[in-house]
$ cat data16.csv   # CSV, C-alpha atoms
chain,number,residue,atom,x,y,z
A,1,THR,CA,25.7,-1.0,16.8
A,2,GLU,CA,23.2,-3.5,18.2
A,3,THR,CA,21.8,-5.7,15.5
A,4,MET,CA,20.0,-8.4,17.6
A,5,ARG,CA,18.7,-8.6,21.1
A,6,ILE,CA,17.8,-11.8,23.0
A,7,HIS,CA,15.5,-10.9,25.9
A,8,GLY,CA,15.3,-12.8,29.1
A,9,SER,CA,11.9,-14.1,28.0
A,10,GLY,CA,13.5,-15.8,25.0
A,11,ALA,CA,12.1,-13.2,22.5
A,12,ILE,CA,14.5,-12.2,19.8
A,13,THR,CA,14.3,-8.8,18.2
A,14,ALA,CA,16.3,-7.3,15.4
A,15,PRO,CA,16.0,-3.5,15.5
A,16,LEU,CA,17.2,-3.1,11.9
A,17,GLN,CA,14.9,-5.8,10.5
A,18,PRO,CA,13.1,-4.1,7.5
A,19,ALA,CA,9.6,-3.2,8.5
A,20,PHE,CA,7.4,-0.1,7.8
A,21,SER,CA,4.0,1.3,8.2
A,22,ALA,CA,2.9,4.5,6.4
A,23,VAL,CA,-0.3,6.5,6.1
A,24,PRO,CA,-1.3,9.6,4.0
A,25,ALA,CA,-0.6,13.0,5.5
A,26,SER,CA,-3.8,14.4,3.9
A,27,ASP,CA,-6.6,13.4,1.5
A,28,GLN,CA,-5.6,12.9,-2.1
A,29,ASP,CA,-8.4,14.7,-3.9
A,30,ASN,CA,-9.6,14.2,-7.5
A,31,CYS,CA,-7.5,11.2,-8.1
A,32,THR,CA,-9.0,9.0,-10.7
A,33,GLY,CA,-12.2,8.1,-12.4
A,34,ASN,CA,-11.3,8.0,-16.0
A,35,GLY,CA,-8.8,5.2,-16.1
A,36,THR,CA,-5.8,7.3,-15.0
A,37,GLU,CA,-3.6,5.3,-12.7
A,38,VAL,CA,-2.2,7.2,-9.6
A,39,THR,CA,0.4,6.4,-7.0
A,40,VAL,CA,-1.1,6.6,-3.6
A,41,ALA,CA,0.7,9.3,-1.5
A,42,TYR,CA,1.9,8.2,1.9
A,43,GLY,CA,3.3,11.3,3.7
A,44,THR,CA,3.5,10.0,7.3
A,45,GLU,CA,5.5,7.1,8.5
A,46,ILE,CA,4.1,5.4,11.6
A,47,PHE,CA,7.4,3.5,11.8
A,48,ASP,CA,10.3,2.6,9.5
A,49,LYS,CA,12.7,0.2,11.3
A,50,ASN,CA,15.5,0.3,8.8
A,51,SER,CA,14.8,3.6,6.9
A,52,ASP,CA,13.7,1.8,3.8
A,53,PHE,CA,10.6,3.8,3.1
A,54,ALA,CA,10.6,7.3,1.5
A,55,SER,CA,8.5,9.2,-1.0
A,56,ASN,CA,5.7,6.7,-1.2
A,57,THR,CA,8.2,3.9,-2.0
A,58,PHE,CA,9.6,1.0,-0.1
A,59,THR,CA,13.1,-0.1,-1.2
A,60,ALA,CA,14.2,-3.6,-0.3
A,61,PRO,CA,17.6,-3.4,1.4
A,62,VAL,CA,18.3,-7.2,0.9
A,63,ALA,CA,16.9,-9.9,-1.3
A,64,GLY,CA,14.1,-11.9,0.3
A,65,SER,CA,10.4,-12.6,0.6
A,66,TYR,CA,8.5,-9.5,1.8
A,67,PHE,CA,5.0,-9.4,3.2
A,68,LEU,CA,3.3,-6.2,1.8
A,69,ASN,CA,-0.2,-5.0,2.7
A,70,ALA,CA,-2.2,-2.0,1.5
A,71,SER,CA,-5.6,-0.6,2.1
A,72,VAL,CA,-7.1,2.4,0.3
A,73,THR,CA,-10.4,4.1,1.4
A,74,VAL,CA,-12.0,6.3,-1.2
A,75,HIS,CA,-15.0,8.7,-1.0
A,76,ASP,CA,-17.2,10.3,-3.7
A,77,LEU,CA,-17.9,6.8,-5.2
A,78,THR,CA,-21.1,6.5,-7.2
A,79,SER,CA,-22.8,3.6,-9.0
A,80,SER,CA,-21.1,5.0,-12.2
A,81,ASN,CA,-17.7,3.7,-10.8
A,82,THR,CA,-17.9,0.1,-12.0
A,83,THR,CA,-14.3,-1.1,-12.0
A,84,LEU,CA,-11.5,-0.4,-9.5
A,85,ARG,CA,-8.0,-1.8,-9.5
A,86,LEU,CA,-5.6,-1.6,-6.6
A,87,PHE,CA,-2.0,-2.6,-7.2
A,88,ILE,CA,1.1,-3.3,-5.2
A,89,SER,CA,3.7,-2.8,-7.9
A,90,THR,CA,7.2,-4.1,-7.3
A,91,SER,CA,10.2,-4.1,-9.6
A,92,ASN,CA,9.5,-7.8,-10.4
A,93,ARG,CA,5.7,-7.7,-10.9
A,94,ALA,CA,2.4,-6.1,-10.0
A,95,TYR,CA,-0.1,-7.7,-7.7
A,96,MET,CA,-3.7,-6.6,-8.4
A,97,TYR,CA,-7.0,-6.6,-6.7
A,98,GLU,CA,-10.0,-5.8,-8.9
A,99,ALA,CA,-13.5,-4.9,-7.6
A,100,ASP,CA,-16.8,-3.3,-8.5
A,101,PRO,CA,-16.8,-0.4,-6.1
A,102,ALA,CA,-20.6,0.0,-6.5
A,103,GLU,CA,-21.0,-3.2,-4.6
A,104,ASN,CA,-18.8,-2.0,-1.7
A,105,ILE,CA,-19.9,1.6,-1.1
A,106,SER,CA,-21.7,3.0,1.9
A,107,GLY,CA,-24.6,5.4,1.7
A,108,ALA,CA,-22.0,8.2,1.9
A,109,GLY,CA,-20.1,7.0,-1.2
A,110,VAL,CA,-17.2,5.6,0.8
A,111,GLY,CA,-15.5,2.3,0.2
A,112,SER,CA,-12.4,0.5,1.4
A,113,PHE,CA,-10.3,-1.9,-0.7
A,114,SER,CA,-7.3,-4.0,0.4
A,115,ILE,CA,-4.5,-6.0,-1.1
A,116,THR,CA,-1.9,-8.3,0.4
A,117,ALA,CA,1.1,-9.8,-1.4
A,118,LEU,CA,4.0,-12.0,-0.6
A,119,ALA,CA,6.6,-10.5,-2.9
A,120,ASP,CA,10.0,-11.7,-4.0
A,121,MET,CA,12.3,-8.7,-4.0
A,122,ASP,CA,16.0,-8.3,-4.8
A,123,ALA,CA,18.1,-5.7,-3.0
A,124,GLY,CA,17.2,-2.3,-4.4
A,125,ASP,CA,13.8,-3.4,-5.8
A,126,VAL,CA,11.0,-1.0,-5.0
A,127,ALA,CA,7.3,-1.3,-4.1
A,128,VAL,CA,4.5,1.3,-4.4
A,129,VAL,CA,0.7,1.3,-4.2
A,130,ARG,CA,-1.2,2.3,-7.3
A,131,PHE,CA,-4.9,2.9,-7.7
A,132,VAL,CA,-7.2,3.3,-10.8
A,133,MET,CA,-10.9,3.7,-11.3
A,134,PHE,CA,-12.6,3.0,-14.7
A,135,ASP,CA,-15.9,3.6,-16.4
A,136,SER,CA,-16.7,7.0,-15.1
A,137,THR,CA,-15.5,10.5,-15.7
A,138,LEU,CA,-16.3,11.3,-12.1
A,139,SER,CA,-13.2,11.6,-9.9
A,140,VAL,CA,-12.8,10.1,-6.5
A,141,ASP,CA,-10.8,11.1,-3.4
A,142,ILE,CA,-8.4,8.9,-1.4
A,143,GLN,CA,-9.0,9.7,2.3
A,144,THR,CA,-6.5,9.5,5.1
A,145,SER,CA,-8.7,7.4,7.4
A,146,GLY,CA,-8.4,3.7,6.4
A,147,THR,CA,-5.6,4.1,4.0
A,148,PHE,CA,-2.2,2.6,4.8
A,149,PHE,CA,0.8,0.7,3.3
A,150,GLN,CA,2.8,-1.8,5.5
A,151,GLY,CA,5.4,-4.4,5.0
A,152,TYR,CA,8.2,-6.4,6.5
A,153,LEU,CA,10.9,-8.9,5.5
A,154,LEU,CA,10.0,-12.5,6.1
A,155,GLY,CA,13.3,-14.0,5.2
$ encode --input "data16.csv" --output "structure tokens"
Amino acid sequence: TETMRIHGSGAITAPLQPAFSAVPASDQDNCTGNGTEVTVAYGTEIFDKNSDFASNTFTAPVAGSYFLNASVTVHDLTSSNTTLRLFISTSNRAYMYEADPAENISGAGVGSFSITALADMDAGDVAVVRFVMFDSTLSVDIQTSGTFFQGYLLG
């Protein structure tokens, strides 16, 4: 099994180096609006270099520092939605981004929110993306366009 390749140009690639990119397979309707936390559903893998991503969850194959990035685009936002929290939750800790969605919505009630984390993970630790909206009984929808979860091992 090839584990590392040194190209004639000097570039070094490792085909089993943990790296993934996933997007939703469909919109996630009527998710949250009353403070109920939901796990963002990622049904389509763009790539998964070491087969470490499944069922909305990245599982670290080895201990190390992992760069994780997520973006969630929601629609049906109104000015009643006043607090949004987006998390990358790992086995060790949760990384949180908090925003007032009313400040970020378009005229169509659409807003995108992103979070990045440099996470310390042990072998077998997991990472998922969670989303919660407060201060309104109105639910919002997570749309496929503009929603993704990506990550890779730094070392």
$ residues_around --input "data16.csv" --residues "segment 75-89 of chain A" --least-positions-apart "5" --cutoff "8 Å" --atoms "all atoms listed in the file" --output "JSON, numbers by chain"
{"A": [33, 68, 70, 94, 95, 96, 97, 98, 99, 100, 101, 102, 105, 108, 109, 110, 111, 113, 114, 115, 117, 127, 128, 129, 130, 131, 132, 133, 134, 135, 136, 138, 139, 140, 141, 142, 143]}
$ residues_around --input "data16.csv" --residues "Glu45 of chain A" --least-positions-apart "2" --cutoff "10 Å" --atoms "only C-alpha atoms" --output "list in words"
Phe20, Ser21, Ala22, Val23, Pro24, Ala25, Tyr42, Gly43, Phe47, Asp48, Phe53, Ala54, Asn56, Phe148, Phe149 and Gln150 of chain A
$ atom_distance --input "data16.csv" --atom1 "atom CA of Thr32 of chain A" --atom2 "atom CA of Tyr66 of chain A"
28.4 Å
$ closest_residue --input "data16.csv" --among "A:Gly64, A:Tyr152, A:Met121, A:Val38" --to "Pro18 of chain A" --atoms "only C-alpha atoms"
A:Tyr152
$ closest_residue --input "data16.csv" --among "A:His7, A:Gln17, A:Thr1, A:Leu154" --to "Ser51 of chain A" --atoms "all atoms listed in the file"
A:Gln17
$ atom_distance --input "data16.csv" --atom1 "atom CA of Asp29 of chain A" --atom2 "atom CA of Thr57 of chain A"
19.9 Å
$ atom_distance --input "data16.csv" --atom1 "atom CA of Thr73 of chain A" --atom2 "atom CA of Ala41 of chain A"
12.6 Å
$ closest_residue --input "data16.csv" --among "A:Val74, A:Thr39, A:Ala63, A:Arg5" --to "Asn92 of chain A" --atoms "all atoms listed in the file"
A:Ala63
$ closest_residue --input "data16.csv" --among "A:Val126, A:Leu153, A:Ile6, A:Ile12" --to "Lys49 of chain A" --atoms "all atoms listed in the file"
A:Leu153
